[in-house]
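Next up, work-v1.cif (mmCIF, C-alpha atoms):
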```cif
data_my_file
#
loop_
_atom_site.group_PDB
_atom_site.id
_atom_site.type_symbol
_atom_site.label_atom_id
_atom_site.label_comp_id
_atom_site.auth_asym_id
_atom_site.auth_seq_id
_atom_site.Cartn_x
_atom_site.Cartn_y
_atom_site.Cartn_z
ATOM 1 C CA MET A 857 -1.668 -12.978 -15.976
ATOM 2 C CA ASN A 858 -1.440 -16.727 -16.152
ATOM 3 C CA GLY A 859 -0.224 -18.840 -13.255
ATOM 4 C CA LYS A 860 0.284 -18.042 -9.617
ATOM 5 C CA PRO A 861 2.100 -14.822 -8.734
ATOM 6 C CA ASP A 862 5.186 -14.774 -6.526
ATOM 7 C CA PRO A 863 3.922 -13.401 -3.167
ATOM 8 C CA ALA A 864 7.241 -11.607 -2.656
ATOM 9 C CA LYS A 865 6.646 -9.684 -5.882
ATOM 10 C CA SER A 866 2.968 -8.882 -5.433
ATOM 11 C CA VAL A 867 1.282 -5.543 -4.834
ATOM 12 C CA LEU A 868 -1.696 -5.003 -2.541
ATOM 13 C CA LEU A 869 -4.522 -3.458 -4.592
ATOM 14 C CA GLY A 870 -7.417 -3.668 -2.173
ATOM 15 C CA VAL A 871 -8.981 -5.224 0.893
ATOM 16 C CA VAL A 872 -12.486 -6.545 1.501
ATOM 17 C CA THR A 873 -13.908 -4.423 4.320
ATOM 18 C CA GLY A 874 -17.411 -5.824 4.548
ATOM 19 C CA VAL A 875 -20.531 -7.074 2.815
ATOM 20 C CA ARG A 876 -23.575 -5.335 1.422
ATOM 21 C CA GLY A 877 -26.965 -6.876 0.964
ATOM 22 C CA LEU A 878 -27.954 -10.514 0.683
ATOM 23 C CA LYS A 879 -26.641 -11.427 -2.785
ATOM 24 C CA GLY A 880 -22.909 -11.520 -2.015
ATOM 25 C CA ASP A 881 -21.939 -7.926 -2.764
ATOM 26 C CA LEU A 882 -18.696 -6.875 -1.108
ATOM 27 C CA ARG A 883 -17.350 -3.532 0.083
ATOM 28 C CA ILE A 884 -13.735 -3.201 -1.000
ATOM 29 C CA LYS A 885 -11.238 -0.481 -0.148
ATOM 30 C CA SER A 886 -9.206 0.069 -3.318
ATOM 31 C CA PHE A 887 -5.601 1.286 -3.193
ATOM 32 C CA THR A 888 -5.362 2.027 -6.915
ATOM 33 C CA ALA A 889 -5.039 5.635 -8.140
ATOM 34 C CA ASP A 890 -8.481 5.325 -9.733
ATOM 35 C CA PRO A 891 -10.424 3.055 -7.351
ATOM 36 C CA GLU A 892 -12.489 1.466 -10.124
ATOM 37 C CA ASP A 893 -9.283 0.196 -11.775
ATOM 38 C CA LEU A 894 -9.167 -2.516 -9.108
ATOM 39 C CA ALA A 895 -10.671 -5.053 -11.515
ATOM 40 C CA ALA A 896 -8.874 -3.799 -14.635
ATOM 41 C CA TYR A 897 -5.734 -5.913 -14.211
ATOM 42 C CA GLY A 898 -7.369 -9.328 -14.390
ATOM 43 C CA PRO A 899 -7.689 -11.845 -11.572
ATOM 44 C CA LEU A 900 -6.584 -10.768 -8.121
ATOM 45 C CA TRP A 901 -4.954 -13.125 -5.640
ATOM 46 C CA ASP A 902 -4.885 -13.746 -1.921
ATOM 47 C CA GLU A 903 -1.753 -12.742 -0.013
ATOM 48 C CA ALA A 904 -0.144 -16.179 -0.396
ATOM 49 C CA GLY A 905 -0.752 -16.254 -4.148
ATOM 50 C CA GLU A 906 -2.781 -19.454 -3.771
ATOM 51 C CA VAL A 907 -6.361 -18.441 -4.618
ATOM 52 C CA SER A 908 -7.448 -16.151 -7.456
ATOM 53 C CA TYR A 909 -10.542 -13.969 -7.504
ATOM 54 C CA ARG A 910 -12.386 -12.468 -10.465
ATOM 55 C CA VAL A 911 -13.708 -9.109 -9.279
ATOM 56 C CA ARG A 912 -16.419 -7.068 -11.015
ATOM 57 C CA VAL A 913 -17.009 -3.552 -9.717
ATOM 58 C CA THR A 914 -20.691 -2.624 -9.616
ATOM 59 C CA GLY A 915 -20.595 0.728 -7.815
ATOM 60 C CA GLU A 916 -19.013 2.945 -5.208
ATOM 61 C CA VAL A 917 -20.291 4.109 -1.811
ATOM 62 C CA LYS A 918 -18.549 6.281 0.794
ATOM 63 C CA GLY A 919 -15.002 5.690 -0.469
ATOM 64 C CA HIS A 920 -15.477 1.952 -0.965
ATOM 65 C CA LEU A 921 -16.192 -0.028 -4.074
ATOM 66 C CA ILE A 922 -19.180 -2.302 -4.263
ATOM 67 C CA ALA A 923 -18.130 -5.433 -6.124
ATOM 68 C CA ARG A 924 -18.958 -9.023 -6.851
ATOM 69 C CA ILE A 925 -16.510 -11.902 -6.842
ATOM 70 C CA LYS A 926 -17.209 -14.767 -9.200
ATOM 71 C CA GLY A 927 -18.623 -17.720 -7.264
ATOM 72 C CA VAL A 928 -19.822 -15.643 -4.295
ATOM 73 C CA SER A 929 -23.601 -15.425 -4.514
ATOM 74 C CA ASN A 930 -24.869 -14.909 -0.972
ATOM 75 C CA ARG A 931 -24.141 -12.937 2.166
ATOM 76 C CA THR A 932 -22.814 -15.950 4.084
ATOM 77 C CA ALA A 933 -20.165 -16.671 1.440
ATOM 78 C CA ALA A 934 -19.316 -12.968 1.208
ATOM 79 C CA GLU A 935 -18.815 -12.679 4.980
ATOM 80 C CA THR A 936 -16.076 -15.333 4.855
ATOM 81 C CA LEU A 937 -14.041 -12.963 2.651
ATOM 82 C CA LYS A 938 -14.052 -10.014 5.066
ATOM 83 C CA GLY A 939 -10.453 -8.906 5.606
ATOM 84 C CA LEU A 940 -9.230 -10.578 2.401
ATOM 85 C CA LYS A 941 -6.293 -8.676 0.928
ATOM 86 C CA LEU A 942 -6.357 -8.631 -2.862
ATOM 87 C CA HIS A 943 -2.985 -8.679 -4.625
ATOM 88 C CA ILE A 944 -1.612 -8.699 -8.142
ATOM 89 C CA SER A 945 1.803 -9.527 -9.510
ATOM 90 C CA ARG A 946 4.010 -6.428 -9.701
ATOM 91 C CA SER A 947 4.812 -7.316 -13.333
ATOM 92 C CA ALA A 948 1.117 -6.958 -14.285
ATOM 93 C CA LEU A 949 1.113 -3.277 -13.355
ATOM 94 C CA PRO A 950 2.313 -0.466 -15.606
ATOM 95 C CA ASP A 951 5.637 1.158 -14.801
ATOM 96 C CA PRO A 952 5.087 4.233 -12.639
ATOM 97 C CA GLU A 953 5.714 7.672 -14.104
ATOM 98 C CA GLU A 954 8.823 9.629 -13.129
ATOM 99 C CA ASP A 955 8.704 10.587 -9.434
ATOM 100 C CA GLU A 956 5.839 8.123 -8.832
ATOM 101 C CA PHE A 957 6.333 4.943 -6.839
ATOM 102 C CA TYR A 958 4.370 1.917 -5.816
ATOM 103 C CA HIS A 959 4.234 1.728 -2.014
ATOM 104 C CA SER A 960 5.599 -1.801 -2.150
ATOM 105 C CA ASP A 961 8.723 -0.506 -3.934
ATOM 106 C CA LEU A 962 9.452 1.884 -1.038
ATOM 107 C CA ILE A 963 9.107 -0.602 1.811
ATOM 108 C CA GLY A 964 12.518 -1.920 2.817
ATOM 109 C CA LEU A 965 14.499 1.055 1.505
ATOM 110 C CA GLN A 966 17.063 2.605 3.841
ATOM 111 C CA ALA A 967 16.217 6.160 4.925
ATOM 112 C CA VAL A 968 19.208 8.492 5.197
ATOM 113 C CA THR A 969 19.404 12.234 5.734
ATOM 114 C CA THR A 970 21.019 14.623 3.286
ATOM 115 C CA SER A 971 23.966 14.726 5.722
ATOM 116 C CA GLY A 972 24.310 10.921 5.685
ATOM 117 C CA GLU A 973 22.704 9.976 9.026
ATOM 118 C CA VAL A 974 20.973 6.604 8.799
ATOM 119 C CA LEU A 975 17.398 6.935 10.055
ATOM 120 C CA GLY A 976 16.337 3.317 9.620
ATOM 121 C CA THR A 977 14.292 1.371 7.094
ATOM 122 C CA VAL A 978 10.967 2.290 5.514
ATOM 123 C CA SER A 979 8.565 -0.138 7.179
ATOM 124 C CA ALA A 980 5.252 1.171 5.810
ATOM 125 C CA VAL A 981 3.690 3.815 3.597
ATOM 126 C CA GLU A 982 0.437 5.233 4.918
ATOM 127 C CA ASP A 983 -2.051 7.942 3.994
ATOM 128 C CA PHE A 984 -4.152 9.147 6.900
ATOM 129 C CA GLY A 985 -5.807 11.863 4.819
ATOM 130 C CA ALA A 986 -3.094 14.506 4.536
ATOM 131 C CA GLY A 987 -0.904 12.731 1.978
ATOM 132 C CA ASP A 988 1.503 9.821 2.041
ATOM 133 C CA VAL A 989 3.933 9.386 4.938
ATOM 134 C CA LEU A 990 6.815 6.955 5.348
ATOM 135 C CA GLU A 991 7.081 5.054 8.604
ATOM 136 C CA VAL A 992 10.751 4.502 9.407
ATOM 137 C CA ALA A 993 11.765 1.800 11.886
ATOM 138 C CA GLY A 994 14.952 0.253 13.203
ATOM 139 C CA GLY A 995 16.836 3.504 13.603
ATOM 140 C CA PRO A 996 17.616 5.944 16.378
ATOM 141 C CA TYR A 997 14.218 7.710 16.271
ATOM 142 C CA LYS A 998 11.307 5.763 17.735
ATOM 143 C CA GLY A 999 8.057 6.165 15.785
ATOM 144 C CA LEU A 1000 9.588 8.279 13.014
ATOM 145 C CA VAL A 1001 7.046 9.323 10.388
ATOM 146 C CA VAL A 1002 8.324 11.284 7.399
ATOM 147 C CA PRO A 1003 6.044 13.250 5.054
ATOM 148 C CA PHE A 1004 6.519 11.763 1.586
ATOM 149 C CA THR A 1005 6.818 15.028 -0.326
ATOM 150 C CA LYS A 1006 9.449 16.155 -2.831
ATOM 151 C CA GLU A 1007 10.644 18.786 -0.316
ATOM 152 C CA VAL A 1008 11.183 16.330 2.554
ATOM 153 C CA VAL A 1009 12.166 13.293 0.448
ATOM 154 C CA PRO A 1010 14.004 14.845 -2.509
ATOM 155 C CA GLU A 1011 15.444 11.572 -3.802
ATOM 156 C CA VAL A 1012 14.359 7.958 -4.078
ATOM 157 C CA ASP A 1013 16.933 5.568 -5.528
ATOM 158 C CA LEU A 1014 15.398 2.151 -6.053
ATOM 159 C CA GLU A 1015 18.612 0.726 -7.524
ATOM 160 C CA ILE A 1016 20.747 1.663 -4.506
ATOM 161 C CA GLY A 1017 17.827 1.076 -2.112
ATOM 162 C CA THR A 1018 17.639 4.450 -0.394
ATOM 163 C CA VAL A 1019 15.342 7.370 0.239
ATOM 164 C CA THR A 1020 17.060 10.647 1.049
ATOM 165 C CA VAL A 1021 15.353 12.730 3.732
ATOM 166 C CA ASP A 1022 15.877 16.486 4.112
ATOM 167 C CA PRO A 1023 14.348 16.766 7.586
ATOM 168 C CA PRO A 1024 12.364 19.913 8.300
ATOM 169 C CA ASP A 1025 12.855 21.593 11.667
ATOM 170 C CA GLY A 1026 11.508 19.443 14.480
ATOM 171 C CA LEU A 1027 11.194 16.177 12.526
ATOM 172 C CA LEU A 1028 14.134 14.519 14.260
ATOM 173 C CA GLU A 1029 13.467 15.973 17.694
ATOM 174 C CA PRO A 1030 11.884 13.508 20.125
ATOM 175 C CA PRO A 1031 8.533 14.446 21.655
ATOM 176 C CA GLU A 1032 8.799 16.226 24.984
ATOM 177 C CA GLY A 1033 9.668 13.798 27.744
ATOM 178 C CA GLU A 1034 11.235 11.252 25.377
ATOM 179 C CA ALA A 1035 14.848 10.921 24.391
ATOM 180 C CA LYS A 1036 16.450 9.742 21.189
ATOM 181 C CA GLU A 1037 16.974 5.975 21.344
ATOM 182 C CA THR A 1038 20.558 4.894 21.836
ATOM 183 C CA GLU A 1039 21.936 1.647 20.625
#
```

In structure tokens, how does this file's structure come out?
Amino acid sequence: MNGKPDPAKSVLLGVVTGVRGLKGDLRIKSFTADPEDLAAYGPLWDEAGEVSYRVRVTGEVKGHLIARIKGVSNRTAAETLKGLKLHISRSALPDPEEDEFYHSDLIGLQAVTTSGEVLGTVSAVEDFGAGDVLEVAGGPYKGLVVPFTKEVVPEVDLEIGTVTVDPPDGLLEPPEGEAKETE
């Protein structure tokens, strides 16, 4: 991709989690379906879309990529990049398959139940090891986390801006000792 990407239309592909060795190698957590595809889309950008980085993957260790960034040739320079979030323009990515979604496309969608109750807005998509979950904020249920499965979220409508939730038993019940938030 040529030129700076629009930060509002960028997708987070990875984050620098640390350094390895003395020659500027970085540990990067990749969020791509195939972790090694991190460098396949061309230059990656910082969150503001101001600085580009040419990444070359050299290996993988314990769920992290080992990579080099052009111009980073020692540990001191590499350490300054720890925490760097690597983005790419949404338009540089392939269209997702049917019933597949980029996390960034889900954030901001309104979550409603199959009966029409508004639950709030998808504020984050996380995977803590048991599959993707949607964090829903701004609604009547504090700390609502919805499993992102076809059974629980049978419909995602990007054009309308909604995810439909068919809540399993107990999902919308507050933890013991807490009450549903009232507005």

Convert the output of the PyMOL selection byres ((chain A and resi 1021-1029) around 10) on the shown file into explicit residues, formatted as a PyMOL selection string. chain A and resi 967-975+996-998+1000-1012+1018-1020+1030-1032+1034-1036

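Picture a line from atom CA of A:Ser886 to atom CA of A:Gly870; it runs 4.3 Å.
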
If you apply the PyMOL selection byres ((chain A and resi 923-927) around 6) to this file, what residues do you get, as a ChimeraX atom specification? /A:881-882,910-914,922,928

Hey, what comes out of the PyMOL selection byres ((chain A and resi 894-905) around 8) on this file? Could you write it as an NGL selection string? :A and (857 or 860-863 or 869-870 or 886-888 or 890-893 or 906-913 or 940-944 or 948-949)

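Atom pair atom CA of A:Glu1015 / atom CA of A:Gly994 has a distance of 21.1 Å (rounded to one decimal).
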
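Computed from the coordinates, the atom CA of A:Leu878 to atom CA of A:Glu916 distance equals 17.2 Å.
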
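Distances to A:Val875 were evaluated for A:Lys918, A:Thr936, A:Glu982, A:Glu956 using all atoms listed in the file, and the minimum falls at A:Thr936.
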
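With only C-alpha atoms as the basis for measurement, A:Tyr958 is the residue among A:Tyr958, A:Leu965, A:Gly985, A:Thr977 that approaches A:Ala889 most closely.
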
Report, as AutoDock Vina command-line options, the centre and edge lengths in Å (one decimal) of the axis-aligned box enclosing every listed atom of stretch 995-1013 of chain A, padded by 4 Å on each side.
```
--center_x 11.8 --center_y 11.1 --center_z 6.1 --size_x 19.6 --size_y 23.3 --size_z 31.3
```

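Distances from A:Lys885, A:Arg876, A:Lys865, A:His959 to A:Val989 were compared using only C-alpha atoms, and the smallest one belongs to A:His959.
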
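Distances to A:Glu935 were evaluated for A:Ser960, A:His920, A:Gly880, A:Gly915 using all atoms listed in the file, and the minimum falls at A:Gly880.
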
Final N, CA, C and O atoms of stretch 964-985 of chain A as an mmCIF file, in the coordinates of the input:
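The result, stored in part.cif:
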```
data_model
loop_
_atom_site.group_PDB
_atom_site.id
_atom_site.type_symbol
_atom_site.label_atom_id
_atom_site.label_comp_id
_atom_site.auth_asym_id
_atom_site.auth_seq_id
_atom_site.Cartn_x
_atom_site.Cartn_y
_atom_site.Cartn_z
ATOM 1 N N GLY A 964 11.226 -1.240 2.767
ATOM 2 C CA GLY A 964 12.518 -1.920 2.817
ATOM 3 C C GLY A 964 13.683 -1.039 2.414
ATOM 4 O O GLY A 964 14.844 -1.413 2.615
ATOM 5 N N LEU A 965 13.409 0.153 1.864
ATOM 6 C CA LEU A 965 14.499 1.055 1.505
ATOM 7 C C LEU A 965 15.096 1.683 2.761
ATOM 8 O O LEU A 965 14.398 1.933 3.734
ATOM 9 N N GLN A 966 16.392 1.955 2.715
ATOM 10 C CA GLN A 966 17.063 2.605 3.841
ATOM 11 C C GLN A 966 16.821 4.108 3.746
ATOM 12 O O GLN A 966 16.993 4.707 2.682
ATOM 13 N N ALA A 967 16.433 4.713 4.859
ATOM 14 C CA ALA A 967 16.217 6.160 4.925
ATOM 15 C C ALA A 967 17.462 6.815 5.506
ATOM 16 O O ALA A 967 17.906 6.450 6.594
ATOM 17 N N VAL A 968 18.027 7.755 4.757
ATOM 18 C CA VAL A 968 19.208 8.492 5.197
ATOM 19 C C VAL A 968 18.952 9.982 5.013
ATOM 20 O O VAL A 968 18.236 10.383 4.094
ATOM 21 N N THR A 969 19.558 10.787 5.880
ATOM 22 C CA THR A 969 19.404 12.234 5.734
ATOM 23 C C THR A 969 20.360 12.749 4.667
ATOM 24 O O THR A 969 21.276 12.049 4.245
ATOM 25 N N THR A 970 20.144 13.991 4.275
ATOM 26 C CA THR A 970 21.019 14.623 3.286
ATOM 27 C C THR A 970 22.448 14.731 3.815
ATOM 28 O O THR A 970 23.389 14.818 3.023
ATOM 29 N N SER A 971 22.618 14.675 5.139
ATOM 30 C CA SER A 971 23.966 14.726 5.722
ATOM 31 C C SER A 971 24.552 13.332 5.945
ATOM 32 O O SER A 971 25.661 13.198 6.448
ATOM 33 N N GLY A 972 23.794 12.285 5.600
ATOM 34 C CA GLY A 972 24.310 10.921 5.685
ATOM 35 C C GLY A 972 23.918 10.133 6.915
ATOM 36 O O GLY A 972 24.312 8.975 7.049
ATOM 37 N N GLU A 973 23.134 10.711 7.834
ATOM 38 C CA GLU A 973 22.704 9.976 9.026
ATOM 39 C C GLU A 973 21.682 8.912 8.635
ATOM 40 O O GLU A 973 20.701 9.195 7.943
ATOM 41 N N VAL A 974 21.910 7.681 9.076
ATOM 42 C CA VAL A 974 20.973 6.604 8.799
ATOM 43 C C VAL A 974 19.807 6.707 9.786
ATOM 44 O O VAL A 974 20.008 6.711 10.998
ATOM 45 N N LEU A 975 18.598 6.790 9.232
ATOM 46 C CA LEU A 975 17.398 6.935 10.055
ATOM 47 C C LEU A 975 16.716 5.607 10.324
ATOM 48 O O LEU A 975 15.943 5.486 11.262
ATOM 49 N N GLY A 976 16.974 4.619 9.484
ATOM 50 C CA GLY A 976 16.337 3.317 9.620
ATOM 51 C C GLY A 976 15.846 2.829 8.272
ATOM 52 O O GLY A 976 16.350 3.243 7.227
ATOM 53 N N THR A 977 14.829 1.987 8.303
ATOM 54 C CA THR A 977 14.292 1.371 7.094
ATOM 55 C C THR A 977 12.812 1.710 6.966
ATOM 56 O O THR A 977 12.077 1.684 7.958
ATOM 57 N N VAL A 978 12.383 2.015 5.753
ATOM 58 C CA VAL A 978 10.967 2.290 5.514
ATOM 59 C C VAL A 978 10.192 0.998 5.785
ATOM 60 O O VAL A 978 10.420 -0.017 5.135
ATOM 61 N N SER A 979 9.319 1.057 6.786
ATOM 62 C CA SER A 979 8.565 -0.138 7.179
ATOM 63 C C SER A 979 7.131 -0.119 6.671
ATOM 64 O O SER A 979 6.489 -1.164 6.594
ATOM 65 N N ALA A 980 6.626 1.063 6.318
ATOM 66 C CA ALA A 980 5.252 1.171 5.810
ATOM 67 C C ALA A 980 5.083 2.508 5.121
ATOM 68 O O ALA A 980 5.825 3.462 5.390
ATOM 69 N N VAL A 981 4.112 2.570 4.228
ATOM 70 C CA VAL A 981 3.690 3.815 3.597
ATOM 71 C C VAL A 981 2.209 3.938 3.896
ATOM 72 O O VAL A 981 1.439 3.032 3.606
ATOM 73 N N GLU A 982 1.822 5.047 4.503
ATOM 74 C CA GLU A 982 0.437 5.233 4.918
ATOM 75 C C GLU A 982 -0.089 6.562 4.389
ATOM 76 O O GLU A 982 0.684 7.469 4.083
ATOM 77 N N ASP A 983 -1.395 6.681 4.313
ATOM 78 C CA ASP A 983 -2.051 7.942 3.994
ATOM 79 C C ASP A 983 -3.227 8.061 4.942
ATOM 80 O O ASP A 983 -4.222 7.342 4.807
ATOM 81 N N PHE A 984 -3.103 8.959 5.904
ATOM 82 C CA PHE A 984 -4.152 9.147 6.900
ATOM 83 C C PHE A 984 -5.038 10.340 6.551
ATOM 84 O O PHE A 984 -5.739 10.864 7.392
ATOM 85 N N GLY A 985 -4.949 10.785 5.280
ATOM 86 C CA GLY A 985 -5.807 11.863 4.819
ATOM 87 C C GLY A 985 -5.073 13.128 4.425
ATOM 88 O O GLY A 985 -5.622 13.973 3.736
#
```
